[in-house]
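One file, input.txt, carrying compact mmCIF, C-alpha atoms:
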```
# COMPACT_ATOMS: atom_id res chain seq x y z
CA MET Y 1 136.21 48.00 41.62
CA VAL Y 2 136.78 46.74 45.19
CA LYS Y 3 139.90 44.85 44.08
CA GLU Y 4 141.22 47.98 42.39
CA SER Y 5 140.57 50.07 45.51
CA LEU Y 6 142.84 47.77 47.52
CA LYS Y 7 145.78 48.92 45.35
CA ILE Y 8 145.38 52.57 46.38
CA LYS Y 9 148.32 53.57 48.57
CA GLU Y 10 146.96 56.93 49.84
CA LEU Y 11 143.60 58.40 50.69
CA PRO Y 12 144.44 62.11 50.75
CA PHE Y 13 140.82 63.23 50.92
CA ILE Y 14 140.22 61.19 54.04
CA SER Y 15 143.59 61.37 55.74
CA GLY Y 16 144.91 64.71 54.51
CA PHE Y 17 148.42 63.25 54.33
CA HIS Y 18 148.56 63.02 58.16
CA GLY Y 19 148.69 59.28 58.61
CA LYS Y 20 145.22 57.91 59.24
CA GLU Y 21 143.93 61.19 60.65
CA LEU Y 22 140.29 61.86 59.84
CA ILE Y 23 139.70 64.96 61.97
CA SER Y 24 142.64 67.20 62.82
CA SER Y 25 140.67 69.60 65.03
CA PHE Y 26 137.33 69.76 66.78
CA MET Y 27 137.31 73.55 66.43
CA ALA Y 28 134.41 73.48 63.94
CA PHE Y 29 132.18 71.85 66.57
CA TYR Y 30 132.95 74.63 69.04
CA LEU Y 31 132.59 77.42 66.48
CA ARG Y 32 129.26 76.11 65.26
CA ASN Y 33 127.67 76.53 68.68
CA LEU Y 34 129.44 79.79 69.48
CA TYR Y 35 128.15 81.33 66.26
CA LEU Y 36 124.73 79.68 66.15
CA PHE Y 37 124.05 80.74 69.74
CA LYS Y 38 126.15 83.92 69.75
CA ASN Y 39 123.87 85.63 72.29
CA SER Y 40 124.32 82.81 74.78
CA ARG Y 41 127.07 82.27 77.32
CA HIS Y 42 129.09 79.11 76.69
CA ILE Y 43 131.07 77.36 79.40
CA PHE Y 44 133.49 74.67 78.27
CA ASP Y 45 135.77 72.29 80.10
CA GLU Y 46 139.37 73.42 79.86
CA GLU Y 47 140.85 72.29 76.56
CA LYS Y 48 144.16 74.05 75.98
CA SER Y 49 144.38 73.47 72.23
CA ILE Y 50 140.81 74.71 71.64
CA GLN Y 51 141.33 77.70 73.95
CA ASP Y 52 144.41 78.69 71.97
CA GLU Y 53 142.59 78.33 68.64
CA ILE Y 54 139.60 80.36 69.82
CA LYS Y 55 141.92 83.14 71.08
CA GLU Y 56 143.40 83.35 67.58
CA PHE Y 57 140.00 83.41 65.90
CA ASP Y 58 138.77 86.89 64.91
CA TRP Y 59 135.25 86.69 66.27
CA THR Y 60 133.22 89.85 65.64
CA GLU Y 61 129.79 91.01 64.61
CA ASN Y 62 129.53 94.45 63.02
CA GLY Y 63 133.09 95.12 64.18
CA ILE Y 64 132.28 94.35 67.82
CA PRO Y 65 134.18 91.42 69.36
CA ILE Y 66 132.02 88.52 70.43
CA GLN Y 67 133.16 87.11 73.76
CA ASN Y 68 130.56 84.52 74.63
CA CYS Y 69 132.61 81.66 76.03
CA GLU Y 70 134.86 80.74 78.89
CA PHE Y 71 136.86 77.68 79.83
CA VAL Y 72 136.74 76.35 83.37
CA LYS Y 73 138.18 73.46 85.34
CA SER Y 74 135.46 70.84 85.46
CA ASN Y 75 136.09 70.38 89.21
CA ASP Y 76 134.92 73.97 89.72
CA CYS Y 77 131.68 73.75 87.72
CA LYS Y 78 128.86 71.29 88.36
CA ALA Y 79 127.26 72.07 84.97
CA VAL Y 80 130.44 70.98 83.18
CA GLN Y 81 130.58 67.84 85.34
CA ILE Y 82 127.00 66.98 84.36
CA SER Y 83 127.81 67.73 80.73
CA ASP Y 84 130.80 65.39 80.93
CA VAL Y 85 128.59 62.58 82.24
CA VAL Y 86 125.96 63.12 79.52
CA ALA Y 87 128.61 63.39 76.78
CA GLY Y 88 130.30 60.23 78.07
CA PHE Y 89 127.00 58.35 78.10
CA LEU Y 90 126.10 59.51 74.60
CA GLY Y 91 129.59 58.61 73.37
CA LYS Y 92 129.20 55.06 74.66
CA TYR Y 93 125.64 54.87 73.30
CA PHE Y 94 126.66 55.90 69.79
CA THR Y 95 129.70 53.61 69.86
CA TYR Y 96 127.30 50.79 70.74
CA LEU Y 97 125.00 51.77 67.83
CA LYS Y 98 127.97 51.83 65.46
CA ASN Y 99 129.15 48.36 66.45
CA VAL Y 100 125.93 46.41 67.10
CA SER Y 101 124.14 44.38 64.43
CA ASP Y 102 120.47 45.06 63.77
CA GLU Y 103 119.61 41.60 65.07
CA GLN Y 104 121.52 42.09 68.33
CA LEU Y 105 120.01 45.55 68.76
CA THR Y 106 116.51 44.04 68.63
CA ILE Y 107 117.51 41.40 71.18
CA ASP Y 108 119.16 43.95 73.48
CA LYS Y 109 116.12 46.24 73.38
CA SER Y 110 113.76 43.36 74.20
CA GLU Y 111 115.91 42.40 77.21
CA LEU Y 112 116.04 45.83 78.87
CA THR Y 113 115.07 45.89 82.54
CA ASN Y 114 112.39 48.30 83.77
CA ILE Y 115 115.08 50.58 85.19
CA GLN Y 116 116.91 50.59 81.85
CA LYS Y 117 113.64 51.31 80.00
CA ASN Y 118 112.92 54.21 82.37
CA THR Y 119 116.43 55.59 81.80
CA LEU Y 120 115.98 55.29 78.03
CA ASP Y 121 112.57 56.99 78.28
CA SER Y 122 114.14 59.84 80.28
CA LEU Y 123 116.82 60.29 77.63
CA LYS Y 124 114.17 60.27 74.88
CA GLU Y 125 112.11 62.86 76.77
CA LEU Y 126 115.14 65.11 77.25
CA ILE Y 127 115.98 64.85 73.54
CA ASP Y 128 112.37 65.44 72.46
CA ILE Y 129 112.00 68.53 74.67
CA SER Y 130 115.31 69.90 73.40
CA ASP Y 131 114.36 69.12 69.81
CA ASP Y 132 111.02 70.91 70.21
CA LEU Y 133 112.81 73.91 71.68
CA CYS Y 134 115.54 74.21 69.02
CA ARG Y 135 116.85 71.91 66.27
CA GLY Y 136 120.15 73.77 66.50
CA PHE Y 137 120.92 71.92 69.73
CA PHE Y 138 121.68 68.81 67.68
CA ASN Y 139 124.91 68.20 65.86
CA THR Y 140 125.82 64.65 65.04
CA VAL Y 141 128.22 62.87 62.76
CA SER Y 142 126.88 59.38 62.18
CA SER Y 143 126.14 56.96 59.39
CA GLU Y 144 122.69 56.28 58.03
CA GLY Y 145 122.76 52.88 59.74
CA GLU Y 146 123.59 54.43 63.12
CA GLN Y 147 120.77 56.94 62.68
CA ARG Y 148 118.36 54.14 61.75
CA ARG Y 149 119.43 52.06 64.78
CA ASN Y 150 119.07 55.11 67.05
CA ASN Y 151 115.58 55.80 65.69
CA TYR Y 152 114.61 52.21 66.39
CA PHE Y 153 116.25 51.84 69.80
CA LEU Y 154 115.37 55.22 71.27
CA HIS Y 155 112.23 56.24 69.38
CA GLY Y 156 110.73 52.87 68.41
CA VAL Y 157 110.74 53.75 64.71
CA GLU Y 158 110.79 50.59 62.59
CA ALA Y 159 112.91 50.81 59.43
```
As structure tokens, the full file:
Amino acid sequence: MVKESLKIKELPFISGFHGKELISSFMAFYLRNLYLFKNSRHIFDEEKSIQDEIKEFDWTENGIPIQNCEFVKSNDCKAVQISDVVAGFLGKYFTYLKNVSDEQLTIDKSELTNIQKNTLDSLKELIDISDDLCRGFFNTVSSEGEQRRNNYFLHGVEA
């Protein structure tokens, strides 16, 4: 079966006939939060393509327009700057989980310094508090292996 799969010239389900493109837009990630938390105010870093898509989206409830988001320059908003740092950290963390072997993960965890352990504990506490408050805060796209490695590294859950 693997040998036969190597003969396939196109993967239209995955690439949608756009080269090797897997995701053509991140709009769904924005819309999920805007709808799930429609009574909240959402502040996003300026993202021209997303702003244009959201403007075109007919967003109403019972015929009343929902206007619960704004886009700002990150330089003008400390909350967006903090969000950028957290998102950047999490991006690097999940890239690490995707690329590391289980054996290396165990070694890396055992070699953490006290400062690194405290930072990891702070992240775990933030996630646990957020999780207790609302599961809707979490939206992740990751493999089962990445989830397993995260559960081990962050939460100490043995597979």
Non-local contacts of Leu120 of chain Y (12 Å; all atoms listed in the file; under 3 positions in same chain excluded) as a list in words =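 Returned residues: Phe89, Leu90, Tyr93, Lys109, Leu112, Thr113, Asn114, Ile115, Gln116, Lys117, Leu123, Lys124, Glu125, Leu126, Ile127, Asn150, Phe153, Leu154, His155 and Gly156 of chain Y.
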message = Need the shell around His42 of chain Y: protein/DNA/RNA residues with any atom at most 8 Å away, counting all atoms listed in the file. Skip same-chain ones fewer than 4 positions apart. Format as a list in words?
response =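 The contact residues come out as Leu34, Asn68, Cys69 and Glu70 of chain Y.
You can rank Y:Thr140, Y:Glu61, Y:Gln147, Y:Asp76 by their closest distance to Asp45 of chain Y using only C-alpha atoms, and at the top of that list sits Y:Asp76.
As for atom CA of Ser74 of chain Y and atom CA of Ser25 of chain Y, they are spaced 21.1 Å apart.
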query = Expressed in Å to a single decimal, how great is the separation between atom CA of Phe71 of chain Y and atom CA of Glu46 of chain Y?
reply =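 These atoms are spaced 4.9 Å apart.
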